[in-house]
Each structure stands twice: as structure tokens, then as C-alpha cells.
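Okay, structure-v1.txt is below, compact mmCIF, C-alpha atoms:
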# COMPACT_ATOMS: atom_id res chain seq x y z
CA MET T 1 -195.88 -128.96 191.07
CA ASN T 2 -195.55 -132.27 189.24
CA LYS T 3 -197.38 -132.74 185.95
CA LYS T 4 -197.70 -135.94 183.95
CA LEU T 5 -197.62 -135.74 180.14
CA ILE T 6 -197.32 -138.17 177.27
CA CYS T 7 -194.87 -137.15 174.59
CA ILE T 8 -196.52 -137.13 171.14
CA GLU T 9 -193.35 -136.67 169.10
CA CYS T 10 -192.94 -140.36 168.17
CA PRO T 11 -194.76 -143.69 168.58
CA LYS T 12 -192.77 -144.58 171.73
CA SER T 13 -195.15 -142.22 173.60
CA CYS T 14 -192.77 -141.63 176.55
CA SER T 15 -194.48 -140.86 179.87
CA LEU T 16 -193.03 -137.56 181.05
CA GLU T 17 -192.91 -136.26 184.58
CA VAL T 18 -192.58 -132.51 184.49
CA ASP T 19 -191.70 -130.38 187.49
CA VAL T 20 -193.37 -126.99 187.04
CA GLU T 21 -192.82 -123.91 189.20
CA ASP T 22 -194.57 -120.60 188.44
CA ALA T 23 -195.51 -121.84 184.95
CA CYS T 24 -191.84 -122.59 184.26
CA VAL T 25 -190.47 -126.06 183.64
CA VAL T 26 -187.77 -126.92 186.18
CA SER T 27 -187.08 -130.49 185.11
CA VAL T 28 -188.34 -133.21 182.76
CA LYS T 29 -188.01 -136.92 183.53
CA GLY T 30 -188.96 -140.04 181.57
CA ASN T 31 -188.01 -138.81 178.09
CA GLU T 32 -185.83 -141.10 175.98
CA CYS T 33 -184.60 -138.29 173.74
CA THR T 34 -184.27 -134.50 173.61
CA LYS T 35 -187.55 -134.14 171.70
CA GLY T 36 -189.39 -135.08 174.89
CA GLU T 37 -187.84 -132.20 176.80
CA ILE T 38 -188.69 -129.69 174.05
CA TYR T 39 -192.23 -131.05 173.88
CA ALA T 40 -192.71 -130.79 177.66
CA VAL T 41 -191.58 -127.16 177.79
CA SER T 42 -193.80 -126.22 174.84
CA GLU T 43 -196.75 -128.14 176.29
CA ILE T 44 -196.54 -126.25 179.61
CA GLN T 45 -195.84 -122.79 178.22
CA ASN T 46 -197.61 -122.73 174.84
CA PRO T 47 -199.28 -125.99 173.78
CA GLN T 48 -199.10 -126.43 170.01
CA ARG T 49 -200.26 -128.99 167.45
CA VAL T 50 -199.75 -129.61 163.75
CA LEU T 51 -203.21 -129.33 162.16
CA THR T 52 -204.21 -131.55 159.24
CA SER T 53 -207.50 -131.29 157.39
CA THR T 54 -209.01 -131.20 153.90
CA ILE T 55 -210.03 -128.43 151.48
CA ARG T 56 -212.90 -128.70 148.98
CA THR T 57 -212.00 -128.68 145.29
CA GLU T 58 -213.58 -127.49 142.05
CA GLY T 59 -212.74 -129.13 138.72
CA LEU T 60 -210.18 -131.55 140.17
CA ASP T 61 -209.79 -135.32 140.12
CA LEU T 62 -210.54 -135.65 143.86
CA LYS T 63 -213.27 -133.97 145.91
CA MET T 64 -210.90 -133.00 148.72
CA VAL T 65 -207.25 -131.92 148.89
CA PRO T 66 -205.56 -132.92 152.17
CA VAL T 67 -203.50 -130.14 153.78
CA ARG T 68 -201.48 -129.46 156.93
CA THR T 69 -199.70 -126.67 158.71
CA ASP T 70 -195.94 -126.96 158.10
CA LYS T 71 -195.29 -126.21 161.78
CA PRO T 72 -197.39 -126.59 164.92
CA ILE T 73 -199.94 -123.87 165.71
CA PRO T 74 -201.23 -122.85 169.16
CA LYS T 75 -203.80 -125.34 170.41
CA ASP T 76 -206.36 -122.62 171.13
CA LYS T 77 -206.32 -121.52 167.47
CA ILE T 78 -207.24 -124.95 166.10
CA PHE T 79 -211.01 -124.50 165.83
CA GLU T 80 -210.64 -121.04 164.29
CA ALA T 81 -208.17 -122.57 161.81
CA MET T 82 -210.72 -125.27 160.94
CA GLU T 83 -213.32 -122.55 160.25
CA ARG T 84 -210.94 -120.84 157.83
CA ILE T 85 -210.00 -124.10 156.08
CA ARG T 86 -213.68 -125.01 155.68
CA LYS T 87 -214.26 -121.84 153.64
CA MET T 88 -211.36 -122.45 151.25
CA VAL T 89 -211.63 -123.93 147.75
CA ILE T 90 -208.79 -125.25 145.56
CA ASN T 91 -209.43 -125.14 141.80
CA ARG T 92 -206.01 -125.77 140.27
CA PRO T 93 -203.96 -129.00 140.17
CA VAL T 94 -201.57 -129.25 143.13
CA ARG T 95 -198.64 -131.35 144.32
CA ALA T 96 -197.44 -132.31 147.80
CA GLY T 97 -195.56 -129.32 149.24
CA ASP T 98 -197.51 -126.63 147.33
CA ILE T 99 -198.35 -123.64 149.50
CA VAL T 100 -202.05 -122.81 150.00
CA ASP T 101 -201.41 -119.92 152.41
CA ALA T 102 -197.88 -118.60 153.03
CA ASP T 103 -198.75 -116.98 156.37
CA PHE T 104 -201.76 -118.88 157.65
CA MET T 105 -203.80 -116.75 160.11
CA ARG T 106 -200.71 -114.57 160.55
CA LEU T 107 -199.24 -117.30 162.75
CA GLY T 108 -195.99 -117.52 160.80
CA VAL T 109 -196.84 -121.01 159.52
CA LYS T 110 -197.59 -122.19 156.00
CA LEU T 111 -200.64 -124.20 155.02
CA ILE T 112 -199.34 -126.84 152.59
CA VAL T 113 -200.80 -129.50 150.30
CA ILE T 114 -199.86 -133.10 151.21
CA ARG T 115 -201.11 -135.03 148.15
CA LYS T 116 -200.84 -134.59 144.42
CA VAL T 117 -204.26 -133.86 142.90
CA GLU T 118 -204.68 -133.57 139.14
CA ALA T 119 -207.33 -131.84 137.03
CA ALA T 120 -210.60 -133.74 136.57
CA GLY T 121 -210.43 -136.39 133.87
CA HIS T 122 -206.66 -136.68 134.09
CA VAL T 123 -205.33 -140.16 133.30
CA PHE T 124 -202.25 -141.10 135.28
CA PHE T 125 -200.57 -143.68 133.08
CA ARG T 126 -199.86 -144.16 129.40
CA LYS T 127 -201.16 -147.76 129.57
CA ASP T 128 -204.52 -146.56 130.87
CA ARG T 129 -204.76 -143.94 128.16
CA LYS T 130 -204.74 -146.68 125.51
CA VAL T 131 -207.63 -148.48 127.20
CA ALA T 132 -209.62 -145.28 127.48
CA MET X 133 -200.70 -167.59 128.72
CA ILE X 134 -198.66 -164.46 129.50
CA LYS X 135 -195.75 -165.19 131.83
CA ARG X 136 -194.19 -162.65 134.20
CA GLU X 137 -191.16 -162.90 136.49
CA LEU X 138 -192.66 -161.20 139.53
CA VAL X 139 -196.23 -160.09 140.14
CA ILE X 140 -197.10 -157.98 143.19
CA VAL X 141 -200.71 -157.63 144.30
CA GLY X 142 -201.46 -154.34 146.08
CA ALA X 143 -199.77 -150.94 145.70
CA GLY X 144 -200.02 -149.71 149.27
CA PRO X 145 -196.87 -149.12 151.34
CA ALA X 146 -196.02 -152.85 151.42
CA GLY X 147 -196.39 -153.46 147.68
CA LEU X 148 -194.52 -150.27 146.76
CA ALA X 149 -191.56 -151.10 149.02
CA ALA X 150 -191.46 -154.75 147.91
CA ALA X 151 -191.51 -153.73 144.22
CA LEU X 152 -188.67 -151.21 144.63
CA SER X 153 -186.58 -153.64 146.64
CA ALA X 154 -187.10 -156.55 144.20
CA TYR X 155 -186.08 -154.25 141.35
CA GLU X 156 -182.98 -153.08 143.21
CA HIS X 157 -182.02 -156.71 143.81
CA GLY X 158 -182.08 -157.58 140.14
CA VAL X 159 -185.67 -158.41 139.13
CA LYS X 160 -186.26 -156.57 135.87
CA ASP X 161 -189.78 -157.77 134.97
CA ILE X 162 -192.30 -156.67 137.62
CA LEU X 163 -196.06 -156.23 137.32
CA LEU X 164 -197.74 -154.29 140.13
CA LEU X 165 -201.53 -154.74 140.33
CA GLU X 166 -203.70 -152.28 142.26
CA ARG X 167 -207.49 -152.40 142.49
CA ASP X 168 -207.90 -148.67 143.28
CA GLN X 169 -207.31 -145.95 140.69
CA TYR X 170 -204.45 -144.46 142.74
CA LEU X 171 -201.23 -145.76 144.23
CA GLY X 172 -200.59 -145.55 147.97
CA GLY X 173 -203.36 -147.68 149.44
CA ILE X 174 -204.77 -146.78 152.83
CA LEU X 175 -202.10 -144.07 153.40
CA ASN X 176 -204.11 -141.75 151.14
CA GLN X 177 -206.90 -141.47 153.70
CA CYS X 178 -204.55 -141.25 156.73
CA ILE X 179 -204.08 -137.47 156.55
CA HIS X 180 -202.86 -137.19 160.17
CA THR X 181 -199.17 -136.92 161.04
CA GLY X 182 -197.13 -139.64 162.71
CA PHE X 183 -195.60 -141.46 159.75
CA GLY X 184 -191.97 -141.64 158.69
CA ILE X 185 -190.06 -140.89 161.91
CA ASN X 186 -188.12 -144.15 161.63
CA TYR X 187 -187.88 -144.52 157.85
CA PHE X 188 -187.42 -140.92 156.68
CA LYS X 189 -186.35 -139.41 160.04
CA GLU X 190 -189.05 -136.77 159.76
CA LEU X 191 -192.69 -136.44 160.73
CA LEU X 192 -194.97 -136.92 157.71
CA THR X 193 -198.65 -137.45 156.98
CA GLY X 194 -199.87 -140.62 155.26
CA PRO X 195 -200.22 -139.08 151.76
CA GLU X 196 -196.74 -137.51 152.01
CA TYR X 197 -195.22 -140.84 153.08
CA ALA X 198 -196.92 -142.59 150.13
CA ASP X 199 -195.88 -139.81 147.73
CA ARG X 200 -192.18 -140.42 148.44
CA PHE X 201 -192.48 -144.06 147.35
CA ILE X 202 -194.81 -143.24 144.43
CA GLU X 203 -192.36 -140.68 143.00
CA ARG X 204 -189.58 -143.28 143.19
CA ILE X 205 -191.59 -146.09 141.61
CA LEU X 206 -192.84 -143.95 138.69
CA LYS X 207 -189.21 -143.46 137.64
CA VAL X 208 -188.61 -147.21 137.26
CA LYS X 209 -189.69 -148.31 133.78
CA GLU X 210 -189.19 -151.99 134.57
CA ILE X 211 -192.06 -151.88 137.06
CA GLU X 212 -195.32 -151.98 135.11
CA ILE X 213 -198.22 -150.53 137.06
CA SER X 214 -201.77 -151.66 136.35
CA LEU X 215 -204.47 -149.70 138.18
CA LYS X 216 -208.17 -150.61 138.56
CA SER X 217 -206.94 -154.21 138.43
CA PHE X 218 -208.70 -156.53 140.83
CA VAL X 219 -207.31 -160.04 141.33
CA VAL X 220 -210.15 -162.55 141.60
CA GLY X 221 -208.37 -165.87 141.35
CA LEU X 222 -205.10 -167.60 142.29
CA THR X 223 -203.91 -171.19 141.95
CA LYS X 224 -201.00 -172.98 143.61
CA GLU X 225 -199.25 -172.97 140.20
CA ARG X 226 -199.17 -169.15 140.59
CA VAL X 227 -201.72 -168.48 137.88
CA LEU X 228 -203.51 -165.19 138.59
CA THR X 229 -206.84 -164.04 137.21
CA TYR X 230 -207.61 -160.34 137.38
CA ILE X 231 -210.20 -158.01 135.97
CA LYS X 232 -209.67 -154.45 134.82
CA PRO X 233 -212.02 -152.20 132.84
CA GLY X 234 -212.97 -154.10 129.68
CA LYS X 235 -210.60 -156.99 130.34
CA LEU X 236 -210.26 -160.36 132.07
CA GLN X 237 -206.61 -161.33 132.20
CA ARG X 238 -204.89 -164.58 133.17
CA ILE X 239 -201.14 -164.61 133.81
CA LYS X 240 -198.57 -166.96 135.27
CA ALA X 241 -196.00 -165.54 137.67
CA ARG X 242 -192.64 -167.17 138.46
CA ALA X 243 -192.85 -165.48 141.85
CA LEU X 244 -195.67 -163.64 143.53
CA ILE X 245 -195.85 -161.17 146.43
CA LEU X 246 -199.23 -160.55 148.03
CA ALA X 247 -199.38 -157.13 149.66
CA THR X 248 -203.14 -157.13 150.06
CA GLY X 249 -203.30 -155.44 153.46
CA CYS X 250 -206.00 -156.04 156.02
CA ARG X 251 -209.67 -155.42 156.71
CA GLU X 252 -211.42 -153.93 159.71
CA ARG X 253 -213.23 -156.19 162.11
CA THR X 254 -216.95 -155.52 162.05
CA ARG X 255 -219.84 -154.96 164.44
CA GLU X 256 -220.97 -158.54 163.74
CA MET X 257 -217.61 -159.95 164.88
CA ILE X 258 -217.94 -158.38 168.33
CA HIS X 259 -221.64 -159.29 168.62
CA ILE X 260 -223.29 -155.94 169.34
CA PRO X 261 -227.01 -156.72 169.65
CA GLY X 262 -229.85 -154.48 168.53
CA MET X 263 -231.37 -153.23 165.33
CA ARG X 264 -229.43 -152.69 162.10
CA PRO X 265 -230.09 -149.03 161.41
CA ALA X 266 -228.06 -146.73 159.19
CA GLY X 267 -225.27 -144.93 161.04
CA VAL X 268 -223.00 -147.83 162.00
CA PHE X 269 -219.61 -147.44 160.32
CA SER X 270 -216.20 -149.01 160.71
CA ALA X 271 -213.72 -146.30 161.75
CA GLY X 272 -211.70 -146.63 158.55
CA LEU X 273 -214.80 -146.26 156.36
CA ALA X 274 -215.74 -143.07 158.23
CA GLN X 275 -212.16 -141.88 157.66
CA LYS X 276 -212.52 -142.45 153.91
CA LEU X 277 -215.90 -140.68 153.81
CA ILE X 278 -214.53 -137.59 155.56
CA ASN X 279 -211.01 -137.34 154.14
CA ILE X 280 -211.53 -138.55 150.57
CA GLU X 281 -215.22 -137.96 149.83
CA GLY X 282 -215.73 -134.84 151.97
CA LEU X 283 -218.82 -136.27 153.69
CA LEU X 284 -219.51 -136.15 157.43
CA PRO X 285 -221.19 -139.46 158.38
CA GLY X 286 -222.85 -138.12 161.56
CA LYS X 287 -223.10 -135.36 164.15
CA GLU X 288 -223.23 -137.21 167.47
CA VAL X 289 -220.82 -140.08 167.61
CA VAL X 290 -220.02 -142.98 169.94
CA ILE X 291 -216.94 -145.06 169.19
CA ALA X 292 -216.76 -148.76 170.07
CA GLY X 293 -213.16 -149.79 170.71
CA SER X 294 -210.08 -147.68 171.38
CA GLY X 295 -207.85 -148.78 168.51
CA ASP X 296 -205.68 -146.11 166.89
CA ILE X 297 -208.03 -145.52 163.95
CA GLY X 298 -210.93 -144.98 166.36
CA LEU X 299 -208.93 -142.47 168.44
CA ILE X 300 -207.79 -140.60 165.34
CA MET X 301 -211.37 -140.46 164.08
CA ALA X 302 -212.53 -139.12 167.46
CA ARG X 303 -210.31 -136.10 166.84
CA ARG X 304 -211.24 -135.82 163.16
CA PHE X 305 -215.00 -135.82 163.89
CA THR X 306 -214.46 -133.23 166.64
CA LEU X 307 -212.47 -130.95 164.31
CA GLU X 308 -215.23 -131.24 161.70
CA GLY X 309 -217.79 -130.00 164.21
CA ALA X 310 -219.35 -133.29 165.33
CA LEU X 311 -219.75 -134.16 169.01
CA VAL X 312 -217.94 -137.32 170.08
CA LYS X 313 -219.94 -138.45 173.10
CA GLY X 314 -217.73 -141.30 174.21
CA ILE X 315 -215.23 -144.04 173.44
CA VAL X 316 -216.23 -147.45 174.79
CA GLU X 317 -213.44 -149.94 175.49
CA VAL X 318 -214.08 -153.42 176.90
CA GLN X 319 -210.52 -153.71 178.25
CA ALA X 320 -209.39 -151.73 181.30
CA ARG X 321 -206.89 -149.74 179.21
CA SER X 322 -206.56 -148.17 175.77
CA MET X 323 -205.74 -150.40 172.79
CA GLY X 324 -204.16 -147.51 170.86
CA LEU X 325 -200.82 -145.74 171.25
CA ALA X 326 -200.56 -143.56 174.36
CA ARG X 327 -199.75 -140.51 172.24
CA ASN X 328 -203.08 -140.92 170.43
CA MET X 329 -204.93 -141.00 173.77
CA SER X 330 -203.13 -137.75 174.57
CA GLN X 331 -203.48 -135.78 171.33
CA CYS X 332 -206.79 -137.19 170.05
CA VAL X 333 -208.82 -137.83 173.21
CA TRP X 334 -207.55 -135.82 176.19
CA ASP X 335 -206.90 -132.73 174.01
CA PHE X 336 -210.65 -132.54 173.34
CA ASN X 337 -211.94 -133.86 176.69
CA ILE X 338 -213.65 -136.84 175.07
CA PRO X 339 -215.06 -139.26 177.68
CA VAL X 340 -213.62 -142.81 177.66
CA TYR X 341 -215.54 -145.69 179.24
CA PHE X 342 -213.02 -148.43 180.05
CA SER X 343 -214.29 -151.88 181.09
CA HIS X 344 -217.56 -151.14 179.29
CA LYS X 345 -219.17 -152.64 176.25
CA ILE X 346 -222.08 -151.68 174.05
CA SER X 347 -225.03 -153.87 174.97
CA LYS X 348 -227.52 -152.57 172.41
CA VAL X 349 -227.91 -150.32 169.38
CA HIS X 350 -231.23 -148.42 169.39
CA GLY X 351 -233.05 -146.94 166.38
CA LYS X 352 -234.89 -148.43 163.43
CA ASN X 353 -233.93 -146.38 160.37
CA ARG X 354 -231.03 -144.44 161.88
CA VAL X 355 -229.02 -144.99 165.05
CA GLU X 356 -230.75 -143.13 167.90
CA ALA X 357 -228.76 -144.28 170.92
CA VAL X 358 -226.50 -147.00 172.29
CA SER X 359 -226.68 -148.72 175.67
CA LEU X 360 -223.54 -149.38 177.66
CA VAL X 361 -222.88 -151.89 180.37
CA ARG X 362 -219.94 -152.31 182.72
CA VAL X 363 -218.23 -155.70 182.38
CA GLY X 364 -216.41 -157.86 184.91
CA GLU X 365 -212.88 -159.22 184.66
CA ASP X 366 -213.91 -161.88 182.12
CA LEU X 367 -214.86 -158.96 179.78
CA GLU X 368 -218.27 -160.65 179.22
CA THR X 369 -220.48 -160.64 182.30
CA SER X 370 -222.38 -157.49 183.06
CA VAL X 371 -221.71 -156.04 186.50
CA GLY X 372 -224.53 -153.53 186.18
CA CYS X 373 -224.34 -149.78 185.66
CA ASP X 374 -226.44 -149.82 182.48
CA PHE X 375 -226.86 -146.45 180.83
CA THR X 376 -227.76 -145.07 177.44
CA ILE X 377 -226.07 -142.41 175.30
CA SER X 378 -228.09 -140.76 172.55
CA CYS X 379 -226.20 -140.52 169.24
CA ASP X 380 -226.78 -140.79 165.50
CA THR X 381 -223.57 -142.63 164.65
CA LEU X 382 -221.65 -145.62 166.00
CA LEU X 383 -218.07 -146.16 164.84
CA VAL X 384 -216.53 -149.58 165.28
CA SER X 385 -212.76 -149.66 165.84
CA VAL X 386 -212.02 -153.13 167.15
CA GLY X 387 -208.96 -154.32 165.31
CA LEU X 388 -207.85 -155.54 161.92
CA ILE X 389 -207.56 -158.92 160.20
CA PRO X 390 -205.16 -159.75 157.34
CA GLU X 391 -206.90 -160.09 153.99
CA ASN X 392 -205.65 -163.42 152.63
CA GLU X 393 -208.50 -164.85 150.54
CA LEU X 394 -206.28 -165.23 147.47
CA ILE X 395 -203.63 -167.46 149.03
CA GLU X 396 -206.39 -169.33 150.86
CA MET X 397 -208.00 -169.97 147.46
CA ALA X 398 -204.66 -171.32 146.25
CA GLY X 399 -204.46 -173.68 149.23
CA ALA X 400 -201.97 -171.91 151.54
CA VAL X 401 -202.13 -172.67 155.26
CA LEU X 402 -203.60 -169.84 157.37
CA ASP X 403 -203.91 -169.48 161.13
CA LYS X 404 -207.60 -169.85 161.99
CA ASN X 405 -207.62 -167.13 164.64
CA THR X 406 -205.43 -164.43 163.13
CA ASN X 407 -205.87 -165.21 159.39
CA CYS X 408 -202.08 -164.84 159.04
CA PRO X 409 -200.19 -167.23 156.72
CA VAL X 410 -198.45 -170.12 158.49
CA SER X 411 -195.25 -171.56 157.00
CA ASP X 412 -191.76 -172.76 157.90
CA ASN X 413 -190.31 -170.37 155.32
CA LEU X 414 -192.01 -167.05 156.10
CA PRO X 415 -192.34 -164.62 154.42
CA MET X 416 -192.81 -167.35 151.78
CA THR X 417 -196.14 -169.10 152.32
CA SER X 418 -196.64 -172.87 152.23
CA ILE X 419 -196.93 -172.46 148.41
CA PRO X 420 -193.46 -172.25 146.78
CA GLY X 421 -192.79 -168.86 145.19
CA VAL X 422 -195.73 -167.12 146.86
CA PHE X 423 -194.69 -164.44 149.38
CA VAL X 424 -196.74 -162.20 151.69
CA CYS X 425 -195.79 -158.81 153.12
CA GLY X 426 -197.27 -155.86 155.01
CA ASN X 427 -200.53 -156.10 156.93
CA ALA X 428 -201.47 -159.29 155.07
CA LEU X 429 -198.52 -161.00 156.76
CA LYS X 430 -199.30 -159.60 160.21
CA VAL X 431 -201.04 -156.45 161.43
CA TYR X 432 -198.49 -153.68 162.03
CA ASP X 433 -198.69 -150.61 164.27
CA LEU X 434 -196.39 -148.47 162.12
CA VAL X 435 -196.01 -148.04 158.39
CA ASP X 436 -192.25 -147.49 158.79
CA ALA X 437 -191.90 -151.10 159.91
CA VAL X 438 -194.06 -152.22 156.96
CA SER X 439 -191.64 -150.50 154.56
CA PHE X 440 -188.52 -152.00 156.18
CA ASP X 441 -189.97 -155.53 156.34
CA SER X 442 -191.49 -155.41 152.84
CA MET X 443 -188.10 -154.46 151.43
CA SER X 444 -186.67 -157.68 152.81
CA VAL X 445 -189.60 -159.60 151.31
CA GLY X 446 -188.79 -158.01 147.94
CA TYR X 447 -185.22 -159.21 148.43
CA ALA X 448 -186.39 -162.72 149.38
CA ALA X 449 -188.49 -162.92 146.20
CA ALA X 450 -185.50 -161.75 144.13
CA GLU X 451 -183.34 -164.46 145.74
CA TYR X 452 -186.02 -167.07 145.01
CA LEU X 453 -186.05 -166.03 141.33
CA ARG X 454 -182.26 -166.24 141.11
CA ARG X 455 -182.31 -169.92 142.09
Could you quickly redo this structure as C-alpha cells?
Amino acid sequence: MNKKLICIECPKSCSLEVDVEDACVVSVKGNECTKGEIYAVSEIQNPQRVLTSTIRTEGLDLKMVPVRTDKPIPKDKIFEAMERIRKMVINRPVRAGDIVDADFMRLGVKLIVIRKVEAAGHVFFRKDRKVA
Amino acid sequence: MIKRELVIVGAGPAGLAAALSAYEHGVKDILLLERDQYLGGILNQCIHTGFGINYFKELLTGPEYADRFIERILKVKEIEISLKSFVVGLTKERVLTYIKPGKLQRIKARALILATGCRERTREMIHIPGMRPAGVFSAGLAQKLINIEGLLPGKEVVIAGSGDIGLIMARRFTLEGALVKGIVEVQARSMGLARNMSQCVWDFNIPVYFSHKISKVHGKNRVEAVSLVRVGEDLETSVGCDFTISCDTLLVSVGLIPENELIEMAGAVLDKNTNCPVSDNLPMTSIPGVFVCGNALKVYDLVDAVSFDSMSVGYAAAEYLRR
């Protein structure tokens, strides 16, 4: 059986033609690099996506801290993952790369912060401090 | 009047890259003006992945991509950063007027780089008739409300236009529990990247109406529905098939226009259709010593290309100052 996919690994968005037999990938055509082949196999056998979202804060400079999974998670877990993230609160200053959950939903992936967020009232630069 | 060697307006990806590159090519007096209270520009609200594959050879989100440049620029003492600083005036002699809390400042720059980015095209620019109720947002504004402010602008959403920001917001609204009832595209094909059609639209079975346009917005105080009509090959004439989708929110994602009011004020030549600067010496505008980079120069698809190109604009400004 032939299946058509679009590779999401880079902006080139290669159109892939995947030959599938008994849920196994026999061949992949149309990919410009090896990432396309890996993506096609994963997409047929166990579709996965990196999830990005935001977590509410308390006492921080921004209302939301953006986060992501460090690796892709199964597509069918995405809405459950959103439910979990919606219930979380971050109340300490964080930097990009900080770990929110070291084994998120027991999926073997980390939930990590992607933006530095300081405590409320923090002033970023010396120059601004003088003005304030 | 205070004089500076190089002034850069805008600390998004273009301004950050131009500042670093100018510094590396010998400019040791740089003032970077940013109207927001954070560095990084629009990248801060682009929390999705897809950035950095070409520049950093890894897949990053917008804030992570910005963070890499921010960390580098904070280490350079010669680059003075002024936040909450909004430039309101520019002359062809390169005299800038800007306001910041408690201050109105006027400075003269020997060279100037405008990295002022672009704006979203609006509902008015694509002539969607109907009432003017609450609930009509540009896609980028909705992105800011959700990702920065933590507010969900609506629960039942129709998206006009299939640009990348609109497709990405279709997924974001869906993940946040809203129902995206359709994407309406006047062309016969998607305007966004194919991978965004795949991972943002098909992944969530969101209906796409190609060759359709929105013929009316219904609702007095809040959007209640939108009417769609199928268009012919001229993209204007209705060929029938009117129908209505109930919704409380309409997102508009119909392209971007460079924001070039400052150089226009100073008398630079702009293209009337695209609002891009026109000059024989691009990236220098028709005003000597005034350069433009990033989305203000032309609208880019990828931030990686903005970084690469803005670095060469930083170099061009450094060369200009050497002469």
C-alpha cells in the first residue's frame, strides 16, 4: 500500500511516498535527506510530535512560562499531556533548559523550560535600574 | 546633541544579529533601541518548534532561538541596550527621536540600521464586510494573548487565510481546548509551508475551504458566525455555494507588510505595493548611512535566513563607517 506523507523535520517539507506492507515500511521515496526516512518509519509505526505549550506562573515577571518536551511524544498522548500541563504552576525563576518534569507522564521525556523568566519586579539592566 | 556611531532600531532576531555582526566587524559604539521590555522580538511568542535548523543545526523553539543571541549580546559591553525605547522620529540627517519612561531623547547616528520588523495585514485590507463585533483578531495578536498573556481569545474559531501563523494558531487553539471550525483560503492551495498543513491542520482534522472567501461577519457585540462563498478563478466573483459557520472568533492570517514608517518619515523611497525600501544600494536605503534588515527589508519565511542576512547588513554598516 502506498501512503503519501509530508516530512515535518525541516522547512523543505519533502513530499514522501511510503510503501507500507503489514504496517511495516518497505521503502521511502521523495526524501532529500535521511531524516525523511526516519520520520516516515516513525509516522507509520508510532506517530510522535514534540509538544510545546505554556505553564501558569505565580510571583514571576511573566504570566506564562513556555515549555516543551525535549523529545517527541506519542501523538495520542498529546491531549492528556495538555491536561497535565494546564494543572501545573511555576513559582520560581527559571532559565531555558531548566527541567520542569524529568520523566513527563512516564514517557521517558523531559518537560523543559524554553525561556528565561525572572521573579516579579526584576529589572534586567543596570541602566534601567538607575531610571527606576 | 548626543552622537553615536551606530544605532540599531529593534532587538528582534534581525537587530540582534546585525548588532553582533557590526561589533565583530569593528564597530565599538553601538546603541540598540527596543520598544518592548524584553529582547527577542516576535520570537518570544513563537513557542512552536521549527527554528534554527539552518543556523544552529538543531530544532529549536522561538524563545530558545532568541535566547542564544540574547546570551551572546549581553556579554558585549560595547553594545548598549535601551529597552522600553520607542523611536518616534527620524530625519534624513540620521537624527533620531525616541521616548523612554520619563525621557525624550534626540541623538545623531553616523550610521543607522532599522530592524523594525513587519505588521500583520488586517481584516480591513482584505475587505471582509459585515459588522465590527468583538472577536476579530489578527493571528499574531491571538498568539500573543495565548502564549504571553495566558488568555484564550475564543472557543469556536474560524481562520481567514492559510498563512503559517494562522496554521500554527489553528493547532494552538485546538490544544488549548477550542474548536477550530475551518480555515478559509481564497487561493486554491495553502499559503503556508506544507509541513504546517501536515502537523497543524491534518493532525487535528481541521477543515480547510480552498477557493473560498469570507463574505460576511455576523454578530453585533461579539462574532456569532461568518458566511463563506466559493470564488471563481479571478478570486473575486462568487460562484455560489454560500454557507454560514457559527463561531465566536475570527482570526485573520493574510500576510505581513514591512513596517517602514521611520525611513518613510525621513524621505526614503518605498515600494507602494510591498512597503519594502527601494534603492540601488540595498541593504542601504536611498538615504546614505541608513540600512534596513530583517522583515522590514522583505518578509522572510524563516528566521535562520533573517539571522544570516542581518549579519551581512551589520557588516555593510561597519564598512560604511570605516569609509
Would you work out the distance separating atom CA of X:Val386 from atom CA of X:Pro261, expressed in Å to one decimal?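 Interatomic distance here is 15.6 Å.
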Of the candidates X:Thr248, X:Gly194, X:Asp433, X:Val355, which shows the shortest atom-to-atom distance to X:Gly324, using only C-alpha atoms? X:Asp433
If we count all atoms listed in the file, which residues of chain X reach to within 7 Å of chain T? Please list them as a count of residues only. 15
Best match for closeness to X:Phe183 among X:Leu164, X:Val445, X:Ala437, X:Leu228, counting all atoms listed in the file: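 Of the candidates, the smallest distance to X:Phe183 is held by X:Ala437.
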Provide the atom CA of X:Phe305 to atom CA of X:Leu171 distance in Å, to one decimal place.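 Going from atom CA of X:Phe305 over to atom CA of X:Leu171, I get 26.0 Å.
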